[in-house]
Amino acid sequence: MRFRLTAYFIFFALALMGMLWLFQTMFLEQYYEREMEKKIQTAVSSLSFQYSASEELDLEAYLVEIGEISNANDMYFYIEAEDETFSISSTDQGSAGRYYYSRSGVDLARERLIANNGEPVTFKISNQTGETITQVYAAKVDSEYRPNVRFFAFAPLTPMGPAVGILAKQLMTVTAISLVVAGILALYISSRIARPIRSITEKASELAEGHYDVQFQGSTYREINNLAGTLNATAAALSKTEQLQRDLMANVSHDLRTPITMVKSYAEMIRDISGGNEEKRNEHLGVIIEESDRLSYLVNDILTLSRIQAGVETMDMQPVDLQKTAESILSTYRVLEEQEGFSIRLQGLPQPALVNADVHRMEQVLSNLISNAVRYSGDVKDVEVVFLQNKKRLRCEVRDKGIGIAPEDIPNIWNRYERASSRGSRSKQGTGLGLSITKEILERHDAKYGVESKVGEGSTFWFELPLID
Ligand code: ADP
């Protein structure tokens, strides 16, 4: 970066100087000559106007003026009547004008003026040695009041060579100074930009090595500040993810270990003790089967949750009639009504309740909520799934009249492995992941959700999704 910036700066300085050089040296002469031409024309037109326009002409004063203008502008004027009755020169007078030019110059100017049909002519002549160059201007001036005249003006052109030489020297010095300044400036700016970037790079490699507590420093530049901010956020997110992962591993290994221990100890019990006793053996085998099921649920839930959280699972959004979905889930619970005296009801809207959702994921949400309602329904085996319309949203409520949740537990039940205190019982067949999966899915659907519950009276879990018109 430093090299590039220096190169750009030096290139810029050189281009600037080059341009100045071009204008100052190459075009200076042309510019000067054009200015001189204009100056002569202005002087002549002022004098010729005075000569021709007014009826009265104070000849004496006029001649003095010619002398003065000649002096002031370093020009020589020669005026002659067309009828050759008189001629005036700016060096004739008392206050003698400047510069005298040869007759041959006047002759040449006259010749050209006549050749140009009296239209003004301007040209340059040089002396024999070519050292001095003179700008010539000739014009014809007609007057109503006095004889028509020809005006000739001569002005020496100062050679530009020495001036250009001086300018060139000065420019050289300026170029050298600006190159040095450009170089220093480039080094300074690049080090100001490069320093924070270097420090960010060093910190980023620390981050890559797993030091999530690094702090990225910004600088006075907004872009670098933004970069540092983003990297700080990234570091924080990485650190959080790592913490979550550690917690997850700890919880998962704990939860996996318990059923495995149970399976192992009951298997040993069958081998050593109950093998011959059919009744005992079947009881123990029942525990083994139950614990294996738990293991399988747990593994499934962990996989689902981590896939949803990692964003691997994209939601396949389609119009879904959630009432139908709920109906089909409830039908699998009918057996509980017959065998265990449950009352499980669906209270729906008269019309289909269409929302945009991933049908399989919403199936999972409903089935988690319904299975919780059944599992925590206590003695009042009453579960109700209700669909309501709340403005333009579909509200689904899963109500039970079971054990309820203590207010202090409510904020935690949506977290992984959180179970309402004291009541989290293994025999309930839960994995402690159901509600966190439910929460993830609902959040991916931008749904509103929540729970209202009273200990001993029951719970109502609800969520809302926008209805399709
Ligand atoms: P679990 O597998 O333990 O049921 P969940 O994530 O589904 O895990 O639920 C978390 C906790 O929330 C449960 O352990 C329970 O304490 C509480 N809970 C969930 N649903 C209900 C409910 N309908 N009634 C009472 N408590 C509930």
# chains A, B, ... in the order shown; residues from 1 in each chain; ligands from 1
$ residues_around --residues "region 288-296 of chain A" --least-positions-apart "4" --cutoff "8 Å" --atoms "only C-alpha atoms" --output "ChimeraX atom specification"
/A:256,259-260,262-263,266-267,284,300,429-431
$ select_by_dssp --residues "region 360-413 of chain A" --states "alpha helix (DSSP H)" --output "list in words"
His360, Arg361, Met362, Glu363, Gln364, Val365, Leu366, Ser367, Asn368, Leu369, Ile370, Ser371, Asn372, Ala373, Val374 and Arg375 of chain A
$ select_by_dssp --residues "region 74-308 of chain A" --states "strand (DSSP E)" --output "ChimeraX atom specification"
/A:76-81,87-89,121-126,133-141,149-157
$ closest_residue --among "A:Arg444, A:Thr129, A:Ala406, A:Asn372" --to "ligand 1" --atoms "only C-alpha atoms and all ligand atoms"
A:Asn372
$ residues_around --residues "Ser328 (chain A)" --least-positions-apart "5" --cutoff "12 Å" --atoms "only C-alpha atoms" --output "ChimeraX atom specification"
/A:321-323,333-334,346,363,366-367,370
$ write_last_selection --atoms "N, CA, C and O atoms" --output "PDB file, in the first residue's frame"
ATOM      1  N   ASP A 321     -52.716 -25.370   5.625  1.00  0.00           N
ATOM      2  CA  ASP A 321     -53.899 -25.277   6.478  1.00  0.00           C
ATOM      3  C   ASP A 321     -53.555 -25.937   7.814  1.00  0.00           C
ATOM      4  O   ASP A 321     -53.571 -27.161   7.938  1.00  0.00           O
ATOM      5  N   LEU A 322     -53.222 -25.090   8.799  1.00  0.00           N
ATOM      6  CA  LEU A 322     -52.722 -25.623  10.074  1.00  0.00           C
ATOM      7  C   LEU A 322     -53.772 -26.448  10.813  1.00  0.00           C
ATOM      8  O   LEU A 322     -53.436 -27.347  11.576  1.00  0.00           O
ATOM      9  N   GLN A 323     -55.044 -26.136  10.569  1.00  0.00           N
ATOM     10  CA  GLN A 323     -56.096 -26.907  11.266  1.00  0.00           C
ATOM     11  C   GLN A 323     -56.053 -28.366  10.848  1.00  0.00           C
ATOM     12  O   GLN A 323     -56.192 -29.270  11.658  1.00  0.00           O
ATOM     13  N   TYR A 333     -53.446 -39.385  18.757  1.00  0.00           N
ATOM     14  CA  TYR A 333     -53.631 -39.417  20.211  1.00  0.00           C
ATOM     15  C   TYR A 333     -54.965 -40.046  20.629  1.00  0.00           C
ATOM     16  O   TYR A 333     -55.247 -40.162  21.799  1.00  0.00           O
ATOM     17  N   ARG A 334     -55.795 -40.395  19.619  1.00  0.00           N
ATOM     18  CA  ARG A 334     -57.130 -40.937  19.942  1.00  0.00           C
ATOM     19  C   ARG A 334     -57.034 -42.143  20.883  1.00  0.00           C
ATOM     20  O   ARG A 334     -57.856 -42.324  21.771  1.00  0.00           O
ATOM     21  N   LEU A 346     -60.387 -30.619  19.242  1.00  0.00           N
ATOM     22  CA  LEU A 346     -59.934 -29.560  18.335  1.00  0.00           C
ATOM     23  C   LEU A 346     -61.092 -28.613  18.120  1.00  0.00           C
ATOM     24  O   LEU A 346     -62.200 -29.037  17.778  1.00  0.00           O
ATOM     25  N   GLU A 363     -45.663 -29.078  11.811  1.00  0.00           N
ATOM     26  CA  GLU A 363     -46.135 -30.348  12.364  1.00  0.00           C
ATOM     27  C   GLU A 363     -45.377 -30.647  13.653  1.00  0.00           C
ATOM     28  O   GLU A 363     -45.955 -31.030  14.667  1.00  0.00           O
ATOM     29  N   LEU A 366     -46.573 -28.268  16.478  1.00  0.00           N
ATOM     30  CA  LEU A 366     -47.859 -28.680  17.046  1.00  0.00           C
ATOM     31  C   LEU A 366     -47.694 -29.964  17.851  1.00  0.00           C
ATOM     32  O   LEU A 366     -48.236 -30.102  18.949  1.00  0.00           O
ATOM     33  N   SER A 367     -46.906 -30.890  17.306  1.00  0.00           N
ATOM     34  CA  SER A 367     -46.813 -32.157  18.005  1.00  0.00           C
ATOM     35  C   SER A 367     -46.025 -32.020  19.301  1.00  0.00           C
ATOM     36  O   SER A 367     -46.351 -32.647  20.309  1.00  0.00           O
ATOM     37  N   ILE A 370     -48.565 -30.396  21.718  1.00  0.00           N
ATOM     38  CA  ILE A 370     -49.625 -31.326  22.127  1.00  0.00           C
ATOM     39  C   ILE A 370     -49.052 -32.405  23.038  1.00  0.00           C
ATOM     40  O   ILE A 370     -49.638 -32.749  24.077  1.00  0.00           O
TER      41      ILE A 370
END
$ residues_around --residues "Ile79 (chain A)" --least-positions-apart "4" --cutoff "6 Å" --atoms "only C-alpha atoms" --output "ChimeraX atom specification"
/A:87-88,150-151
$ write_last_selection --atoms "N, CA and C atoms" --output "compact mmCIF listing (two decimals), in the first residue's frame"
# COMPACT_ATOMS: atom_id res chain seq x y z
N SER A 87 2.51 63.89 -42.78
CA SER A 87 2.79 62.66 -42.00
C SER A 87 3.24 63.06 -40.60
N ILE A 88 2.84 62.21 -39.62
CA ILE A 88 3.22 62.48 -38.23
C ILE A 88 3.91 61.23 -37.70
N ARG A 150 -3.36 56.74 -42.88
CA ARG A 150 -2.96 55.36 -42.58
C ARG A 150 -2.22 55.40 -41.25
N PHE A 151 -2.58 54.50 -40.41
CA PHE A 151 -1.95 54.41 -39.09
C PHE A 151 -0.99 53.24 -39.09
$ atom_distance --atom1 "atom 15 (C, counted along the ligand's line) of ligand 1" --atom2 "CA of Val398 (chain A)"
14.3 Å
$ atom_distance --atom1 "CA of Ala176 (chain A)" --atom2 "CA of Ile10 (chain A)"
10.5 Å
$ residues_around --residues "region 15-27 of chain A" --least-positions-apart "5" --cutoff "7 Å" --atoms "only C-alpha atoms" --output "PyMOL selection string"
chain A and resi 164+171+175
$ closest_residue --among "A:Thr132, A:Tyr188, A:Ile329, A:Tyr145" --to "Ser54 (chain A)" --atoms "only C-alpha atoms"
A:Tyr145
$ residues_around --residues "region 307-316 of chain A" --least-positions-apart "5" --cutoff "10 Å" --atoms "only C-alpha atoms" --output "ChimeraX atom specification"
/A:301-302,356-361,437,440-441,444-445
$ write_last_selection --atoms "all heavy atoms" --output "mmCIF file, in the first residue's frame"
data_model
loop_
_atom_site.group_PDB
_atom_site.id
_atom_site.type_symbol
_atom_site.label_atom_id
_atom_site.label_comp_id
_atom_site.auth_asym_id
_atom_site.auth_seq_id
_atom_site.Cartn_x
_atom_site.Cartn_y
_atom_site.Cartn_z
ATOM 1 N N ASP A 301 -33.683 -35.167 18.507
ATOM 2 C CA ASP A 301 -33.921 -33.777 18.867
ATOM 3 C C ASP A 301 -32.654 -32.936 18.770
ATOM 4 O O ASP A 301 -32.669 -31.817 18.273
ATOM 5 C CB ASP A 301 -34.475 -33.688 20.298
ATOM 6 C CG ASP A 301 -35.971 -33.937 20.307
ATOM 7 O OD1 ASP A 301 -36.511 -34.205 19.216
ATOM 8 O OD2 ASP A 301 -36.588 -33.867 21.392
ATOM 9 N N ILE A 302 -31.553 -33.513 19.253
ATOM 10 C CA ILE A 302 -30.287 -32.761 19.203
ATOM 11 C C ILE A 302 -29.935 -32.450 17.755
ATOM 12 O O ILE A 302 -29.560 -31.342 17.403
ATOM 13 C CB ILE A 302 -29.148 -33.562 19.865
ATOM 14 C CG1 ILE A 302 -29.387 -33.642 21.373
ATOM 15 C CG2 ILE A 302 -27.802 -32.922 19.582
ATOM 16 C CD1 ILE A 302 -28.483 -34.624 22.082
ATOM 17 N N ASN A 356 -48.525 -19.075 5.587
ATOM 18 C CA ASN A 356 -47.309 -19.456 4.881
ATOM 19 C C ASN A 356 -46.353 -20.104 5.863
ATOM 20 O O ASN A 356 -45.907 -19.461 6.811
ATOM 21 C CB ASN A 356 -46.633 -18.197 4.320
ATOM 22 C CG ASN A 356 -46.716 -18.175 2.825
ATOM 23 O OD1 ASN A 356 -46.719 -19.241 2.186
ATOM 24 N ND2 ASN A 356 -46.809 -16.989 2.266
ATOM 25 N N ALA A 357 -46.048 -21.381 5.649
ATOM 26 C CA ALA A 357 -45.206 -22.051 6.640
ATOM 27 C C ALA A 357 -44.589 -23.303 6.037
ATOM 28 O O ALA A 357 -44.995 -23.773 4.971
ATOM 29 C CB ALA A 357 -46.040 -22.420 7.848
ATOM 30 N N ASP A 358 -43.573 -23.815 6.749
ATOM 31 C CA ASP A 358 -42.988 -25.101 6.381
ATOM 32 C C ASP A 358 -43.819 -26.179 7.090
ATOM 33 O O ASP A 358 -43.800 -26.272 8.320
ATOM 34 C CB ASP A 358 -41.530 -25.139 6.848
ATOM 35 C CG ASP A 358 -40.845 -26.452 6.495
ATOM 36 O OD1 ASP A 358 -41.485 -27.523 6.632
ATOM 37 O OD2 ASP A 358 -39.671 -26.417 6.100
ATOM 38 N N VAL A 359 -44.539 -26.951 6.298
ATOM 39 C CA VAL A 359 -45.538 -27.841 6.886
ATOM 40 C C VAL A 359 -44.912 -28.854 7.853
ATOM 41 O O VAL A 359 -45.454 -29.112 8.934
ATOM 42 C CB VAL A 359 -46.399 -28.514 5.799
ATOM 43 C CG1 VAL A 359 -45.568 -29.416 4.916
ATOM 44 C CG2 VAL A 359 -47.542 -29.294 6.411
ATOM 45 N N HIS A 360 -43.747 -29.405 7.510
ATOM 46 C CA HIS A 360 -43.158 -30.420 8.386
ATOM 47 C C HIS A 360 -42.702 -29.821 9.703
ATOM 48 O O HIS A 360 -42.856 -30.415 10.768
ATOM 49 C CB HIS A 360 -41.981 -31.107 7.695
ATOM 50 C CG HIS A 360 -42.442 -31.872 6.493
ATOM 51 N ND1 HIS A 360 -43.306 -32.929 6.596
ATOM 52 C CD2 HIS A 360 -42.192 -31.706 5.180
ATOM 53 C CE1 HIS A 360 -43.572 -33.386 5.388
ATOM 54 N NE2 HIS A 360 -42.896 -32.660 4.516
ATOM 55 N N ARG A 361 -42.153 -28.613 9.612
ATOM 56 C CA ARG A 361 -41.685 -27.947 10.833
ATOM 57 C C ARG A 361 -42.866 -27.551 11.714
ATOM 58 O O ARG A 361 -42.809 -27.668 12.934
ATOM 59 C CB ARG A 361 -40.844 -26.707 10.477
ATOM 60 C CG ARG A 361 -39.536 -27.054 9.808
ATOM 61 C CD ARG A 361 -38.670 -27.859 10.747
ATOM 62 N NE ARG A 361 -37.601 -28.554 10.064
ATOM 63 C CZ ARG A 361 -37.140 -29.737 10.416
ATOM 64 N NH1 ARG A 361 -37.690 -30.397 11.412
ATOM 65 N NH2 ARG A 361 -36.153 -30.283 9.776
ATOM 66 N N ILE A 437 -36.694 -26.418 20.333
ATOM 67 C CA ILE A 437 -36.905 -26.656 18.894
ATOM 68 C C ILE A 437 -38.109 -25.851 18.426
ATOM 69 O O ILE A 437 -38.067 -25.164 17.396
ATOM 70 C CB ILE A 437 -37.115 -28.160 18.622
ATOM 71 C CG1 ILE A 437 -35.820 -28.922 18.915
ATOM 72 C CG2 ILE A 437 -37.562 -28.400 17.190
ATOM 73 C CD1 ILE A 437 -35.948 -30.424 18.822
ATOM 74 N N GLU A 440 -37.188 -22.224 18.060
ATOM 75 C CA GLU A 440 -36.369 -21.969 16.869
ATOM 76 C C GLU A 440 -37.232 -21.933 15.613
ATOM 77 O O GLU A 440 -37.096 -21.061 14.772
ATOM 78 C CB GLU A 440 -35.298 -23.058 16.698
ATOM 79 C CG GLU A 440 -34.187 -23.018 17.701
ATOM 80 C CD GLU A 440 -33.289 -21.795 17.537
ATOM 81 O OE1 GLU A 440 -33.207 -21.264 16.419
ATOM 82 O OE2 GLU A 440 -32.699 -21.370 18.550
ATOM 83 N N ILE A 441 -38.123 -22.934 15.505
ATOM 84 C CA ILE A 441 -38.952 -23.018 14.298
ATOM 85 C C ILE A 441 -39.870 -21.811 14.208
ATOM 86 O O ILE A 441 -39.987 -21.173 13.160
ATOM 87 C CB ILE A 441 -39.775 -24.321 14.289
ATOM 88 C CG1 ILE A 441 -38.839 -25.523 14.213
ATOM 89 C CG2 ILE A 441 -40.754 -24.338 13.122
ATOM 90 C CD1 ILE A 441 -39.523 -26.856 14.366
ATOM 91 N N ARG A 444 -38.014 -18.803 13.176
ATOM 92 C CA ARG A 444 -37.689 -18.821 11.737
ATOM 93 C C ARG A 444 -38.902 -18.463 10.891
ATOM 94 O O ARG A 444 -38.771 -18.062 9.735
ATOM 95 C CB ARG A 444 -37.159 -20.193 11.311
ATOM 96 C CG ARG A 444 -35.796 -20.532 11.873
ATOM 97 C CD ARG A 444 -34.670 -19.761 11.187
ATOM 98 N NE ARG A 444 -34.446 -20.166 9.817
ATOM 99 C CZ ARG A 444 -33.637 -21.155 9.466
ATOM 100 N NH1 ARG A 444 -32.959 -21.808 10.378
ATOM 101 N NH2 ARG A 444 -33.481 -21.478 8.205
ATOM 102 N N HIS A 445 -40.105 -18.629 11.464
ATOM 103 C CA HIS A 445 -41.333 -18.248 10.750
ATOM 104 C C HIS A 445 -41.775 -16.831 11.089
ATOM 105 O O HIS A 445 -42.842 -16.400 10.654
ATOM 106 C CB HIS A 445 -42.470 -19.202 11.124
ATOM 107 C CG HIS A 445 -42.414 -20.502 10.383
ATOM 108 N ND1 HIS A 445 -41.601 -21.540 10.757
ATOM 109 C CD2 HIS A 445 -43.073 -20.921 9.280
ATOM 110 C CE1 HIS A 445 -41.766 -22.555 9.924
ATOM 111 N NE2 HIS A 445 -42.649 -22.210 9.007
#
$ atom_distance --atom1 "CA of Glu337 (chain A)" --atom2 "CA of Glu397 (chain A)"
19.9 Å
$ residues_around --residues "Lys124 (chain A)" --least-positions-apart "5" --cutoff "7 Å" --atoms "only C-alpha atoms" --output "ChimeraX atom specification"
/A:133-136
$ closest_residue --among "A:Glu443, A:Glu464, A:Asp400, A:Asp272" --to "ligand 1" --atoms "only C-alpha atoms and all ligand atoms"
A:Asp400
